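Asks: Structure file my_file.csv, CSV, C-alpha atoms, is pasted below:
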```
chain,number,residue,atom,x,y,z
B,6,MET,CA,134.3,75.9,87.4
B,7,HIS,CA,137.6,73.9,87.4
B,8,LYS,CA,136.8,72.7,83.9
B,9,TYR,CA,137.3,76.3,82.8
B,10,GLY,CA,140.4,76.9,84.8
B,11,ILE,CA,138.8,79.1,87.4
B,12,SER,CA,138.1,78.9,91.2
B,13,THR,CA,137.0,80.8,94.3
B,14,PRO,CA,133.6,82.2,93.4
B,15,HIS,CA,132.3,85.4,95.0
B,16,THR,CA,129.6,87.7,93.8
B,17,SER,CA,126.5,86.6,91.9
B,18,HIS,CA,124.2,88.7,89.8
B,19,CYS,CA,121.2,87.9,87.6
B,20,LEU,CA,121.6,88.9,83.9
B,21,PRO,CA,118.9,90.2,81.5
B,22,SER,CA,119.6,87.1,79.4
B,23,GLY,CA,118.2,84.8,82.1
B,24,GLU,CA,121.6,83.7,83.3
B,25,ILE,CA,123.3,83.9,86.7
B,26,MET,CA,126.8,85.3,86.6
B,27,ILE,CA,129.3,84.7,89.4
B,28,SER,CA,132.7,86.4,89.7
B,29,THR,CA,135.7,84.2,90.4
B,30,MET,CA,139.0,85.2,92.1
B,31,GLY,CA,141.6,82.6,91.2
B,32,ASN,CA,143.0,79.9,89.0
B,33,LEU,CA,143.4,76.2,89.9
B,34,ASN,CA,146.7,77.0,91.7
B,35,GLY,CA,145.1,79.7,93.9
B,36,ASP,CA,146.9,82.5,92.1
B,37,GLY,CA,144.9,85.7,91.4
B,38,LEU,CA,142.7,85.6,88.3
B,39,GLY,CA,139.6,87.7,87.5
B,40,ASP,CA,136.8,85.9,85.5
B,41,PHE,CA,133.1,85.3,85.4
B,42,PHE,CA,131.1,82.0,85.4
B,43,CYS,CA,127.6,81.7,83.9
B,44,ILE,CA,124.8,79.2,84.4
B,45,ASN,CA,121.3,79.1,83.1
B,46,ALA,CA,119.0,80.4,85.8
B,47,ASN,CA,116.2,78.0,85.1
B,48,THR,CA,118.0,74.7,84.4
B,49,LEU,CA,121.3,75.4,86.2
B,50,GLU,CA,123.1,74.3,83.0
B,51,VAL,CA,126.7,75.5,82.9
B,52,LYS,CA,127.1,78.1,80.1
B,53,GLY,CA,130.9,78.6,80.6
B,54,THR,CA,132.8,81.9,81.2
B,55,TRP,CA,131.3,85.2,80.3
B,56,SER,CA,134.4,87.1,79.0
B,57,LYS,CA,135.5,86.4,75.5
B,58,ASP,CA,139.0,87.8,75.8
B,59,HIS,CA,142.1,86.0,76.7
B,60,ASP,CA,143.4,89.1,78.4
B,61,LYS,CA,142.1,88.3,81.9
B,62,ALA,CA,142.2,90.6,84.9
B,63,ALA,CA,145.0,90.0,87.4
B,64,PHE,CA,142.5,89.6,90.3
B,65,GLY,CA,138.7,89.3,90.9
B,66,TYR,CA,136.2,90.0,93.5
B,67,ASP,CA,132.9,92.0,93.1
B,68,PHE,CA,131.3,93.5,90.0
B,69,TRP,CA,128.4,95.6,88.8
B,70,TYR,CA,127.2,96.0,85.2
B,71,GLN,CA,125.4,98.8,83.5
B,72,PRO,CA,124.1,97.8,80.0
B,73,TYR,CA,123.0,101.4,79.1
B,74,HIS,CA,126.7,102.5,79.2
B,75,ASP,CA,128.0,99.2,77.7
B,76,THR,CA,130.0,98.6,80.9
B,77,LEU,CA,130.8,96.1,83.5
B,78,ILE,CA,133.3,97.1,86.2
B,79,ALA,CA,134.9,94.5,88.5
B,80,THR,CA,137.1,94.9,91.6
B,81,GLU,CA,140.1,93.0,93.0
B,82,TRP,CA,140.9,91.4,96.3
B,83,GLY,CA,144.0,89.2,96.0
B,84,ALA,CA,145.5,85.8,95.5
B,85,PRO,CA,143.2,83.2,97.1
B,86,LYS,CA,146.0,81.0,98.2
B,87,VAL,CA,147.3,83.9,100.3
B,88,PHE,CA,144.2,85.5,101.8
B,89,LYS,CA,142.7,82.1,102.7
B,90,LYS,CA,145.5,81.8,105.2
B,91,GLY,CA,144.7,85.0,107.0
B,92,PHE,CA,145.8,88.6,106.7
B,93,MET,CA,149.5,89.3,106.7
B,94,PRO,CA,150.1,93.1,106.4
B,95,LYS,CA,153.5,92.6,104.8
B,96,ASP,CA,151.7,91.2,101.8
B,97,VAL,CA,149.7,94.4,101.0
B,98,ASN,CA,152.7,96.1,99.3
B,99,ASN,CA,153.1,93.2,96.9
B,100,PRO,CA,151.0,93.9,93.7
B,101,LYS,CA,151.2,90.1,92.9
B,102,ILE,CA,149.3,89.3,96.1
B,103,TYR,CA,146.7,92.2,96.6
B,104,GLY,CA,144.9,94.0,93.8
B,105,ARG,CA,144.5,97.7,93.4
B,106,SER,CA,142.7,98.2,90.1
B,107,LEU,CA,139.2,98.5,88.7
B,108,ASN,CA,138.7,96.4,85.6
B,109,VAL,CA,136.3,97.9,83.0
B,110,TYR,CA,134.7,95.6,80.4
B,111,SER,CA,132.6,96.2,77.4
B,112,TRP,CA,129.2,94.7,78.2
B,113,ASN,CA,128.4,93.9,74.6
B,114,GLU,CA,131.8,92.7,73.5
B,115,ARG,CA,132.6,90.9,76.8
B,116,LYS,CA,136.2,92.2,76.6
B,117,LEU,CA,138.4,93.9,79.1
B,118,LYS,CA,138.8,97.4,77.8
B,119,GLN,CA,140.4,99.5,80.5
B,120,VAL,CA,142.3,99.0,83.8
B,121,ILE,CA,142.1,101.8,86.3
B,122,ASN,CA,145.1,101.5,88.6
B,123,LEU,CA,144.4,103.0,92.0
B,124,ARG,CA,148.0,102.3,93.0
B,125,ASN,CA,149.1,102.2,96.6
B,126,ASP,CA,146.3,104.5,97.8
B,127,GLY,CA,143.6,102.0,96.6
B,128,ILE,CA,144.7,98.6,97.9
B,129,ALA,CA,142.1,95.8,97.8
B,130,PRO,CA,139.1,97.6,96.2
B,131,LEU,CA,136.3,95.3,97.3
B,132,GLU,CA,132.6,96.2,97.1
B,133,ILE,CA,131.5,98.2,94.1
B,134,ARG,CA,128.2,100.0,93.6
B,135,PHE,CA,126.9,101.9,90.6
B,136,LEU,CA,124.2,104.4,91.3
B,137,HIS,CA,120.9,102.6,90.9
B,138,ASN,CA,119.7,105.2,88.4
B,139,PRO,CA,120.4,103.3,85.1
B,140,LEU,CA,121.3,106.5,83.3
B,141,ALA,CA,123.9,107.6,85.8
B,142,ALA,CA,127.5,106.8,84.7
B,143,GLU,CA,129.1,106.8,88.2
B,144,GLY,CA,129.4,104.9,91.4
B,145,PHE,CA,131.6,104.1,94.4
B,146,VAL,CA,134.0,101.4,95.5
B,147,GLY,CA,135.5,100.8,99.0
B,148,CYS,CA,139.2,100.0,99.4
B,149,ALA,CA,139.7,97.8,102.4
B,150,VAL,CA,143.4,98.0,103.2
B,151,THR,CA,143.8,101.7,102.6
B,152,SER,CA,140.4,102.6,104.2
B,153,ASN,CA,139.0,104.9,101.6
B,154,ILE,CA,136.2,105.3,99.1
B,155,TYR,CA,136.7,106.1,95.4
B,156,ARG,CA,134.1,107.6,93.1
B,157,PHE,CA,134.4,106.2,89.6
B,158,TYR,CA,132.7,108.0,86.7
B,159,LYS,CA,132.6,108.1,82.9
B,160,ALA,CA,134.5,111.1,81.6
B,161,GLU,CA,133.8,113.2,78.5
B,162,ASP,CA,136.3,111.2,76.5
B,163,ASP,CA,134.2,108.0,77.2
B,164,LEU,CA,137.0,106.6,79.4
B,165,TRP,CA,136.3,105.7,83.0
B,166,LYS,CA,138.2,107.5,85.8
B,167,ALA,CA,138.3,107.4,89.6
B,168,GLU,CA,138.8,110.0,92.4
B,169,LYS,CA,139.1,109.5,96.1
B,170,VAL,CA,136.2,111.1,98.0
B,171,ILE,CA,136.3,109.6,101.5
B,172,GLN,CA,139.4,108.8,103.6
B,173,ILE,CA,138.9,107.1,107.1
B,174,LEU,CA,141.8,108.3,109.3
B,175,PRO,CA,143.8,105.7,111.2
B,176,LYS,CA,144.0,105.8,115.0
B,177,LYS,CA,147.3,105.8,117.0
B,178,VAL,CA,147.0,103.0,119.6
B,179,GLU,CA,148.9,100.9,122.1
B,180,GLY,CA,148.3,97.3,122.9
B,181,TRP,CA,146.3,96.3,119.8
B,182,ILE,CA,148.3,93.2,119.1
B,183,THR,CA,147.4,90.5,121.6
B,184,PRO,CA,149.7,87.5,122.3
B,185,MET,CA,147.6,85.5,119.9
B,186,MET,CA,148.3,88.0,117.1
B,187,SER,CA,151.9,89.0,118.0
B,188,GLU,CA,153.3,87.4,114.8
B,189,TYR,CA,151.5,89.9,112.7
B,190,PRO,CA,152.8,93.4,111.9
B,191,VAL,CA,150.5,96.3,112.2
B,192,PHE,CA,149.5,98.3,109.1
B,193,HIS,CA,148.9,101.9,108.3
B,194,VAL,CA,148.1,103.6,105.0
B,195,GLY,CA,151.5,103.8,103.2
B,196,CYS,CA,153.7,102.2,105.9
B,197,LEU,CA,154.3,99.1,107.9
B,198,LEU,CA,155.4,98.9,111.5
B,199,ASP,CA,157.1,96.0,113.2
B,200,VAL,CA,155.3,95.3,116.5
B,201,GLN,CA,158.4,93.4,117.8
B,202,ARG,CA,160.2,96.7,118.0
B,203,MET,CA,157.4,99.3,118.6
B,204,SER,CA,154.7,99.5,121.2
B,205,MET,CA,152.6,102.0,119.4
B,206,CYS,CA,151.0,101.6,116.0
B,207,TYR,CA,148.4,103.1,113.6
B,208,LEU,CA,145.3,101.1,113.3
B,209,SER,CA,143.5,101.5,110.0
B,210,SER,CA,139.7,101.1,109.8
B,211,MET,CA,139.5,98.5,107.0
B,212,ILE,CA,136.4,99.3,105.0
B,213,THR,CA,134.8,95.9,104.2
B,214,ASP,CA,131.4,96.7,102.8
B,215,ILE,CA,129.5,99.6,101.3
B,216,LEU,CA,126.0,100.0,99.8
B,217,LEU,CA,123.9,102.8,98.3
B,218,SER,CA,120.3,103.4,99.2
B,219,LEU,CA,117.8,102.6,96.4
B,220,ASP,CA,117.1,106.3,95.9
B,221,ASP,CA,120.9,107.0,95.6
B,222,LYS,CA,120.7,109.5,98.5
B,223,TYR,CA,122.9,107.8,101.1
B,224,LEU,CA,126.1,105.7,101.1
B,225,TYR,CA,126.7,103.3,104.0
B,226,LEU,CA,130.0,101.7,104.9
B,227,SER,CA,131.4,99.5,107.7
B,228,ASN,CA,134.8,99.9,109.3
B,229,TRP,CA,135.5,96.4,110.4
B,230,LEU,CA,138.6,97.1,112.6
B,231,HIS,CA,137.5,100.4,114.1
B,232,GLY,CA,134.0,99.0,114.7
B,233,ASP,CA,131.6,101.6,113.3
B,234,VAL,CA,129.0,102.0,110.6
B,235,ARG,CA,128.8,105.3,108.8
B,236,GLN,CA,126.1,107.0,106.7
B,237,TYR,CA,127.0,109.6,104.1
B,238,ASP,CA,124.8,112.0,102.2
B,239,ILE,CA,125.9,111.6,98.5
B,240,SER,CA,123.6,114.2,97.0
B,241,ASN,CA,126.9,115.6,95.7
B,242,THR,CA,128.7,112.5,94.7
B,243,ARG,CA,132.0,114.3,94.5
B,244,ASN,CA,131.7,115.5,98.1
B,245,PRO,CA,130.0,113.0,100.4
B,246,LYS,CA,128.9,114.4,103.8
B,247,LEU,CA,129.1,112.3,107.0
B,248,THR,CA,125.6,112.4,108.5
B,249,SER,CA,125.7,109.6,111.1
B,250,GLN,CA,128.1,107.2,112.8
B,251,ILE,CA,127.5,104.4,115.3
B,252,PHE,CA,129.8,101.9,116.9
B,253,LEU,CA,128.8,98.2,117.2
B,254,GLY,CA,132.0,96.6,118.4
B,255,GLY,CA,135.5,96.7,117.0
B,256,SER,CA,139.1,96.7,118.2
B,257,ILE,CA,139.1,99.9,120.3
B,258,LEU,CA,136.4,99.3,122.9
B,259,SER,CA,136.9,100.9,126.3
B,260,ASP,CA,137.2,97.5,128.1
B,261,SER,CA,139.7,96.1,125.6
B,262,HIS,CA,143.5,96.0,125.9
B,263,VAL,CA,143.8,98.7,123.3
B,264,ARG,CA,144.5,102.2,124.4
B,265,VAL,CA,143.9,105.0,121.8
B,266,ILE,CA,146.5,107.7,122.3
B,267,GLN,CA,145.7,109.8,119.2
B,268,ASP,CA,142.3,110.1,117.5
B,269,GLU,CA,141.3,112.9,115.3
B,270,GLU,CA,137.6,111.9,115.4
B,271,LEU,CA,136.7,110.6,118.9
B,272,THR,CA,137.3,112.1,122.4
B,273,SER,CA,136.9,108.7,124.1
B,274,GLN,CA,136.9,105.0,123.3
B,275,PRO,CA,133.5,103.6,122.5
B,276,SER,CA,131.7,101.3,125.0
B,277,PRO,CA,130.8,97.7,124.4
B,278,VAL,CA,127.3,97.3,122.9
B,279,TYR,CA,124.6,94.9,124.2
B,280,VAL,CA,121.3,94.0,122.5
B,281,LYS,CA,118.7,92.1,124.5
B,282,GLY,CA,121.4,91.2,127.0
B,283,ARG,CA,123.8,89.8,124.3
B,284,ARG,CA,127.1,91.4,123.8
B,285,LEU,CA,128.0,92.2,120.2
B,286,TYR,CA,131.4,90.6,119.6
B,287,GLY,CA,133.5,91.3,116.5
B,288,ALA,CA,132.6,94.3,114.5
B,289,PRO,CA,130.1,95.4,111.8
B,290,GLN,CA,130.8,93.9,108.5
B,291,MET,CA,128.2,93.1,105.8
B,292,LEU,CA,125.3,95.5,105.3
B,293,GLN,CA,121.9,95.2,103.7
B,294,LEU,CA,119.3,98.0,103.5
B,295,SER,CA,115.5,97.7,103.1
B,296,LEU,CA,114.1,98.9,99.8
B,297,ASP,CA,112.4,101.9,101.5
B,298,GLY,CA,115.7,102.8,103.2
B,299,HIS,CA,114.4,102.7,106.7
B,300,ARG,CA,116.1,99.5,108.0
B,301,LEU,CA,119.8,98.8,107.8
B,302,TYR,CA,120.8,95.2,108.8
B,303,VAL,CA,124.4,94.4,109.9
B,304,THR,CA,126.2,91.2,110.4
B,305,THR,CA,129.7,90.6,111.9
B,306,SER,CA,131.6,87.9,110.0
B,307,ILE,CA,134.0,88.6,107.1
B,308,PHE,CA,135.8,85.3,106.4
B,309,LYS,CA,136.6,82.6,109.0
B,310,PRO,CA,140.4,82.8,108.8
B,311,TRP,CA,140.2,86.6,109.3
B,312,ASP,CA,137.5,86.3,112.0
B,313,LYS,CA,139.8,84.0,113.9
B,314,GLN,CA,142.7,86.3,113.5
B,315,PHE,CA,141.1,89.6,114.5
B,316,TYR,CA,138.0,88.6,116.5
B,317,PRO,CA,138.5,85.1,117.9
B,318,GLU,CA,135.5,85.7,120.2
B,319,LEU,CA,133.3,85.2,117.2
B,320,LEU,CA,134.3,81.5,117.0
B,321,GLN,CA,133.4,81.1,120.6
B,322,TYR,CA,130.1,83.1,120.8
B,323,GLY,CA,129.0,83.2,117.2
B,324,SER,CA,128.1,86.2,115.1
B,325,THR,CA,125.0,88.4,115.3
B,326,MET,CA,122.7,90.4,113.1
B,327,VAL,CA,121.3,93.7,114.3
B,328,LYS,CA,119.1,96.4,112.8
B,329,LEU,CA,119.7,100.2,112.6
B,330,ASP,CA,116.7,102.4,112.1
B,331,ILE,CA,117.3,105.1,109.5
B,332,ASP,CA,116.1,108.7,109.3
B,333,VAL,CA,115.7,108.9,105.5
B,334,GLU,CA,114.8,112.6,105.5
B,335,LYS,CA,117.4,114.3,107.7
B,336,GLY,CA,119.9,111.4,107.9
B,337,GLY,CA,120.8,109.5,111.1
B,338,MET,CA,121.0,106.0,112.4
B,339,LYS,CA,119.7,104.5,115.7
B,340,LEU,CA,120.3,100.9,117.0
B,341,ASP,CA,117.1,98.9,117.5
B,342,HIS,CA,117.6,97.3,120.9
B,343,GLN,CA,114.7,94.9,120.4
B,344,PHE,CA,116.0,93.2,117.2
B,345,LEU,CA,118.7,90.5,117.4
B,346,VAL,CA,119.5,87.4,115.5
B,347,ASP,CA,122.0,85.4,117.5
B,348,PHE,CA,124.0,82.9,115.5
B,349,GLY,CA,125.7,81.5,118.6
B,350,ILE,CA,122.7,80.2,120.5
B,351,ASP,CA,123.4,76.5,119.6
B,352,LYS,CA,126.8,75.9,121.2
B,353,ASN,CA,127.2,72.8,119.1
B,354,ASP,CA,126.8,74.8,115.9
B,355,ILE,CA,128.4,78.2,116.2
B,356,LEU,CA,127.7,80.1,113.0
B,357,LEU,CA,129.4,83.0,111.3
B,358,ALA,CA,126.8,85.1,109.4
B,359,HIS,CA,128.0,87.1,106.4
B,360,GLU,CA,125.9,88.1,103.4
B,361,MET,CA,122.2,89.1,103.5
B,362,ARG,CA,119.7,89.0,100.6
B,363,TYR,CA,116.0,89.9,100.2
B,364,PRO,CA,113.8,87.6,98.3
B,365,GLY,CA,113.1,89.3,95.0
B,366,GLY,CA,115.9,91.7,95.0
B,367,ASP,CA,117.6,94.3,97.3
B,368,CYS,CA,119.9,97.3,97.3
B,369,THR,CA,123.1,95.4,96.7
B,370,SER,CA,121.9,93.0,94.0
B,371,ASP,CA,119.3,94.8,92.0
B,372,ILE,CA,120.6,96.3,88.8
B,373,TRP,CA,118.1,98.5,86.9
B,374,MET,CA,117.8,99.1,83.2
B,375,PRO,CA,115.9,102.0,81.5
B,376,GLU,CA,112.6,101.2,79.8
B,377,LYS,CA,114.1,102.3,76.5
B,378,GLN,CA,117.7,101.6,75.6
```
Any chance you could give the structure as structure tokens?
Replies:
Amino acid sequence: MHKYGISTPHTSHCLPSGEIMISTMGNLNGDGLGDFFCINANTLEVKGTWSKDHDKAAFGYDFWYQPYHDTLIATEWGAPKVFKKGFMPKDVNNPKIYGRSLNVYSWNERKLKQVINLRNDGIAPLEIRFLHNPLAAEGFVGCAVTSNIYRFYKAEDDLWKAEKVIQILPKKVEGWITPMMSEYPVFHVGCLLDVQRMSMCYLSSMITDILLSLDDKYLYLSNWLHGDVRQYDISNTRNPKLTSQIFLGGSILSDSHVRVIQDEELTSQPSPVYVKGRRLYGAPQMLQLSLDGHRLYVTTSIFKPWDKQFYPELLQYGSTMVKLDIDVEKGGMKLDHQFLVDFGIDKNDILLAHEMRYPGGDCTSDIWMPEKQ
């Protein structure tokens, strides 16, 4: 990768050409740079970068392509040399550090055609998902810092546009910043508060992962700071309906130092969660759904520097994987108390589990094409 001036790989997808394409997030200095790296899937021979245009995206992260609509859309995290050190809320207002755009490429020409700027209401758009139906020209993207979901779609003028369809409200809390984290300000959508001067703050949810069921009926998301997983019915893609919510950890548990003093959703703070006698530390992060939609798997690690900053217990006890049983007919989620993968059993090798993949394809990596183009 360094030979081509790129670094910090993230998402991989298989291409119809028999190649593996991997998105990259930085240049050799660790500044933001969105690009794609291709290798032969059979021989692992390096094929070079995918895009043919010198006009590169400012940042990179996730991507999804849809050949039927001659489109690839990529998202933006930030500058690797900054986010690798941890999360500093003061950085989010700097457009040179954190991205806030969707980058639309021509699939056939391999050129950046359009940049959709979500501005300060769409900071750090991370996971992006087209509908699985290959004829559909729409999908969703989750913005981590501003805790909202945008629907993107192809308009009548053949340009791509985006509209916000879900907003997770912040919670007013006291005591969220522990001594270990006292150097960090607290963030809220649209404003920053200095914890050295204020005892109260607004705690945003930080949406870190989303996925769509294979039948395009449900959208799932994880709120890594609040600690819940949510299921939305997206039968009407412009108006998602919350059908289920379950807490699996987070920063506002009833036995934590945090006191929630204003919450427009909950009447009490959630209790700690145990599975097979093991407490779930950290919070729900990466998601993977079975192809039939009945089993949603959840892991708890996002990225070691951020884990250490927000949930230091993960580095002591290790992360976990749990399973939620899904009602695919009426909607709903239920924790399976008999399923647990504990990545902290070996105290000499504490593990931080992140991404999950099914052999042969899954809901977050499968990209479908119509039988006839």
Asks: List as a Markdown table every residue of stretch 277-304 of chain B that is in contact with stretch 346-352 of chain B, defined as an atom at most 10 Å from one of its atoms (using only C-alpha atoms), together with the nearest atom pair and the distance in Å rounded to one decimal, sorted by chain and then rising number.
Replies:
```
| residue | atom | partner | partner_atom | distance |
| --- | --- | --- | --- | --- |
| B:Val280 | CA | B:Val346 | CA | 9.8 |
| B:Arg283 | CA | B:Asp347 | CA | 8.3 |
| B:Leu285 | CA | B:Asp347 | CA | 9.5 |
| B:Thr304 | CA | B:Val346 | CA | 9.2 |
```
Asks: Using only C-alpha atoms, which residue out of B:Ala79, B:Ile257, B:Val87, B:Cys206 lies closest to B:Pro310?
Replies: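 Among the listed residues, the smallest separation from B:Pro310 belongs to B:Val87.
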Asks: Please indicate the distance in Å from atom CA of B:Trp181 to atom CA of B:Ser261, rounded to one decimal place.
Replies: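 One can read the atom CA of B:Trp181 to atom CA of B:Ser261 distance as 8.8 Å.
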Asks: So that I can see what lies close to stretch 234-246 of chain B, please list as a PyMOL selection string the residues with an atom at most 9 Å from it, counting only C-alpha atoms and leaving out residues fewer than 2 positions away in the same chain.
Replies: chain B and resi 143-145+156+168-171+221-229+232+248-253+289-290+303+336-338
Asks: Determine the nearest neighbour of B:Leu123 from the options B:Gln267, B:Thr16, B:Thr325, B:Asn108, counting only C-alpha atoms.
Replies: B:Asn108
Asks: Which residues are close to B:Thr80, i.e. within 9 Å by only C-alpha atoms, leaving aside same-chain residues fewer than 6 positions away? Reply as a ChimeraX atom specification.
Replies: /B:39,64-68,104-108,129-133,146
Asks: Can you spit out the residues from that selection as an mmCIF file, keeping the file's coordinate frame, using C-alpha atoms?
Replies:
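And here's part.cif as it stands now:
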```
data_model
loop_
_atom_site.group_PDB
_atom_site.id
_atom_site.type_symbol
_atom_site.label_atom_id
_atom_site.label_comp_id
_atom_site.auth_asym_id
_atom_site.auth_seq_id
_atom_site.Cartn_x
_atom_site.Cartn_y
_atom_site.Cartn_z
ATOM 1 C CA GLY B 39 139.600 87.700 87.500
ATOM 2 C CA PHE B 64 142.500 89.600 90.300
ATOM 3 C CA GLY B 65 138.700 89.300 90.900
ATOM 4 C CA TYR B 66 136.200 90.000 93.500
ATOM 5 C CA ASP B 67 132.900 92.000 93.100
ATOM 6 C CA PHE B 68 131.300 93.500 90.000
ATOM 7 C CA GLY B 104 144.900 94.000 93.800
ATOM 8 C CA ARG B 105 144.500 97.700 93.400
ATOM 9 C CA SER B 106 142.700 98.200 90.100
ATOM 10 C CA LEU B 107 139.200 98.500 88.700
ATOM 11 C CA ASN B 108 138.700 96.400 85.600
ATOM 12 C CA ALA B 129 142.100 95.800 97.800
ATOM 13 C CA PRO B 130 139.100 97.600 96.200
ATOM 14 C CA LEU B 131 136.300 95.300 97.300
ATOM 15 C CA GLU B 132 132.600 96.200 97.100
ATOM 16 C CA ILE B 133 131.500 98.200 94.100
ATOM 17 C CA VAL B 146 134.000 101.400 95.500
#
```
Asks: From the set B:Thr369, B:Asn353, B:Ser152, B:Ser259, which residue has the shortest atom-to-atom contact distance to B:Leu296, counting only C-alpha atoms?
Replies: B:Thr369
Asks: Hey, which of B:Ser56, B:Gln119, B:Ser209, B:Asn32 ends up closest to B:Ser256? Count all atoms listed in the file.
Replies: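 Checking each of B:Ser56, B:Gln119, B:Ser209, B:Asn32 against B:Ser256, counting all atoms listed in the file, the winner is B:Ser209.
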Asks: Go ahead and compute the interatomic distance for atom CA of B:Glu270 and atom CA of B:Leu208, in Å to one decimal.
Replies: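 Between these atoms lies a distance of 13.4 Å.
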Asks: Which polymer residues, whether protein, DNA or RNA, lie within 10 Å of the coordinate (133.8, 104.2, 126.9) when you count all atoms listed in the file? List them as a VMD selection string, using the chain letters and numbers from the file.
Replies: chain B and resid 257 to 260 272 to 277
